[in-house]
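Chemist: Below is the file final.pdb, which contains PDB, C-alpha atoms, pLDDT in the B column.
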```pdb
ATOM      1  CA  MET A  26     -53.647 107.461  -6.830  1.00 49.00           C
ATOM      2  CA  SER A  27     -53.636 108.162  -3.090  1.00 52.00           C
ATOM      3  CA  LYS A  28     -50.810 110.677  -3.565  1.00 56.00           C
ATOM      4  CA  LEU A  29     -52.930 112.569  -6.083  1.00 53.00           C
ATOM      5  CA  LEU A  30     -55.886 112.696  -3.690  1.00 53.00           C
ATOM      6  CA  ARG A  31     -53.691 113.768  -0.805  1.00 54.00           C
ATOM      7  CA  ASN A  32     -52.314 116.743  -2.773  1.00 57.00           C
ATOM      8  CA  LYS A  33     -55.832 117.951  -3.683  1.00 59.00           C
ATOM      9  CA  LYS A  34     -57.057 117.859  -0.089  1.00 58.00           C
ATOM     10  CA  GLY A  35     -57.645 121.314   1.447  1.00 64.00           C
ATOM     11  CA  GLN A  36     -56.235 124.671   0.517  1.00 70.00           C
ATOM     12  CA  SER A  37     -52.545 125.376   0.631  1.00 87.00           C
ATOM     13  CA  THR A  38     -50.893 128.341   2.276  1.00 87.00           C
ATOM     14  CA  LEU A  39     -50.210 129.840  -1.140  1.00 87.00           C
ATOM     15  CA  GLU A  40     -53.918 129.838  -1.982  1.00 89.00           C
ATOM     16  CA  TYR A  41     -54.707 131.639   1.270  1.00 91.00           C
ATOM     17  CA  ILE A  42     -51.988 134.220   0.577  1.00 91.00           C
ATOM     18  CA  LEU A  43     -53.384 134.817  -2.911  1.00 92.00           C
ATOM     19  CA  LEU A  44     -56.895 135.219  -1.518  1.00 93.00           C
ATOM     20  CA  VAL A  45     -55.802 137.718   1.140  1.00 94.00           C
ATOM     21  CA  THR A  46     -53.770 139.641  -1.434  1.00 95.00           C
ATOM     22  CA  ALA A  47     -56.779 139.854  -3.744  1.00 94.00           C
ATOM     23  CA  VAL A  48     -59.017 141.126  -0.926  1.00 92.00           C
ATOM     24  CA  ILE A  49     -56.455 143.765   0.058  1.00 89.00           C
ATOM     25  CA  ALA A  50     -56.050 144.861  -3.572  1.00 87.00           C
ATOM     26  CA  VAL A  51     -59.812 145.283  -3.981  1.00 83.00           C
ATOM     27  CA  ALA A  52     -60.001 147.229  -0.713  1.00 79.00           C
ATOM     28  CA  ILE A  53     -57.203 149.552  -1.810  1.00 78.00           C
ATOM     29  CA  ILE A  54     -58.794 150.159  -5.205  1.00 74.00           C
ATOM     30  CA  PHE A  55     -62.343 150.795  -3.990  1.00 72.00           C
ATOM     31  CA  LEU A  56     -61.572 152.418  -0.638  1.00 73.00           C
ATOM     32  CA  ASN A  57     -58.665 154.558  -1.776  1.00 72.00           C
ATOM     33  CA  PRO A  58     -57.936 156.709   1.273  1.00 65.00           C
ATOM     34  CA  ALA A  59     -56.414 159.503  -0.814  1.00 69.00           C
ATOM     35  CA  THR A  60     -59.234 160.152  -3.278  1.00 70.00           C
ATOM     36  CA  GLY A  61     -62.159 157.884  -2.473  1.00 72.00           C
ATOM     37  CA  GLN A  62     -65.219 158.318  -0.310  1.00 76.00           C
ATOM     38  CA  LEU A  63     -63.377 156.792   2.641  1.00 75.00           C
ATOM     39  CA  GLY A  64     -60.737 159.507   2.383  1.00 77.00           C
ATOM     40  CA  ASN A  65     -63.410 162.197   2.402  1.00 82.00           C
ATOM     41  CA  ILE A  66     -65.086 160.704   5.472  1.00 84.00           C
ATOM     42  CA  LEU A  67     -61.768 160.405   7.320  1.00 82.00           C
ATOM     43  CA  GLY A  68     -60.795 163.963   6.373  1.00 86.00           C
ATOM     44  CA  ASP A  69     -64.116 165.329   7.601  1.00 92.00           C
ATOM     45  CA  THR A  70     -63.787 163.381  10.845  1.00 94.00           C
ATOM     46  CA  TYR A  71     -60.240 164.630  11.442  1.00 94.00           C
ATOM     47  CA  ASN A  72     -61.312 168.219  10.752  1.00 95.00           C
ATOM     48  CA  THR A  73     -64.302 167.962  13.091  1.00 97.00           C
ATOM     49  CA  VAL A  74     -62.166 166.546  15.906  1.00 96.00           C
ATOM     50  CA  ALA A  75     -59.479 169.195  15.379  1.00 96.00           C
ATOM     51  CA  ASN A  76     -62.049 172.003  15.410  1.00 96.00           C
ATOM     52  CA  GLU A  77     -63.697 170.677  18.578  1.00 95.00           C
ATOM     53  CA  MET A  78     -60.325 170.342  20.323  1.00 95.00           C
ATOM     54  CA  ASN A  79     -59.385 173.860  19.258  1.00 94.00           C
ATOM     55  CA  ALA A  80     -62.681 175.226  20.567  1.00 93.00           C
ATOM     56  CA  ALA A  81     -62.204 173.402  23.893  1.00 92.00           C
ATOM     57  CA  ALA A  82     -58.666 174.756  24.202  1.00 91.00           C
ATOM     58  CA  ASN A  83     -59.867 178.296  23.519  1.00 90.00           C
ATOM     59  CA  THR A  84     -62.628 177.907  26.113  1.00 90.00           C
ATOM     60  CA  LEU A  85     -60.181 176.631  28.709  1.00 89.00           C
ATOM     61  CA  SER A  86     -57.570 179.306  27.994  1.00 87.00           C
ATOM     62  CA  GLY A  87     -60.231 182.008  28.434  1.00 79.00           C
ATOM     63  CA  ALA A  88     -61.154 180.624  31.864  1.00 65.00           C
ATOM     64  CA  PHE A  89     -57.773 181.481  33.371  1.00 62.00           C
TER      65      PHE A  89
END
```
Render the structure in this file as structure tokens.
Modeler:
Amino acid sequence: MSKLLRNKKGQSTLEYILLVTAVIAVAIIFLNPATGQLGNILGDTYNTVANEMNAAANTLSGAF
């Protein structure tokens, strides 16, 4: 009986791995960087940063 209780005590490493895997799978499905809203936000951010850096470079190159 005590062996049965000891085996049921706490979560095992396998249960934690399964939980983390499930969370990652849900994140990948709902936050798909290629086609989801997160991808659109990241793309817009990258484009904004690139445009601002290009404008700063053009401003600096015109100063010399």
Chemist: Quick one: pull the distance between CA of Val48 (chain A) and CA of Thr60 (chain A), Å, one decimal.
Modeler: 19.2 Å
Chemist: Hey, could you pull the box centre and edge lengths for region 67-80 of chain A, axis-aligned, 6 Å padding per side, all listed atoms, to one decimal in Å, as lines of an AutoDock Vina configuration file?
Modeler:
```
center_x = -61.8
center_y = 167.8
center_z = 13.5
size_x = 16.9
size_y = 26.8
size_z = 26.2
```
Chemist: Report, in Å to a single decimal, how far apart CA of Ala52 (chain A) and CA of Gly64 (chain A) are.
Modeler: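 So the two atoms, CA of Gly64 (chain A) and CA of Ala52 (chain A), lie 12.7 Å apart.
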Chemist: Rounded to one decimal place, report the CA of Gly87 (chain A)-CA of Asp69 (chain A) distance in Å.
Modeler: 27.0 Å
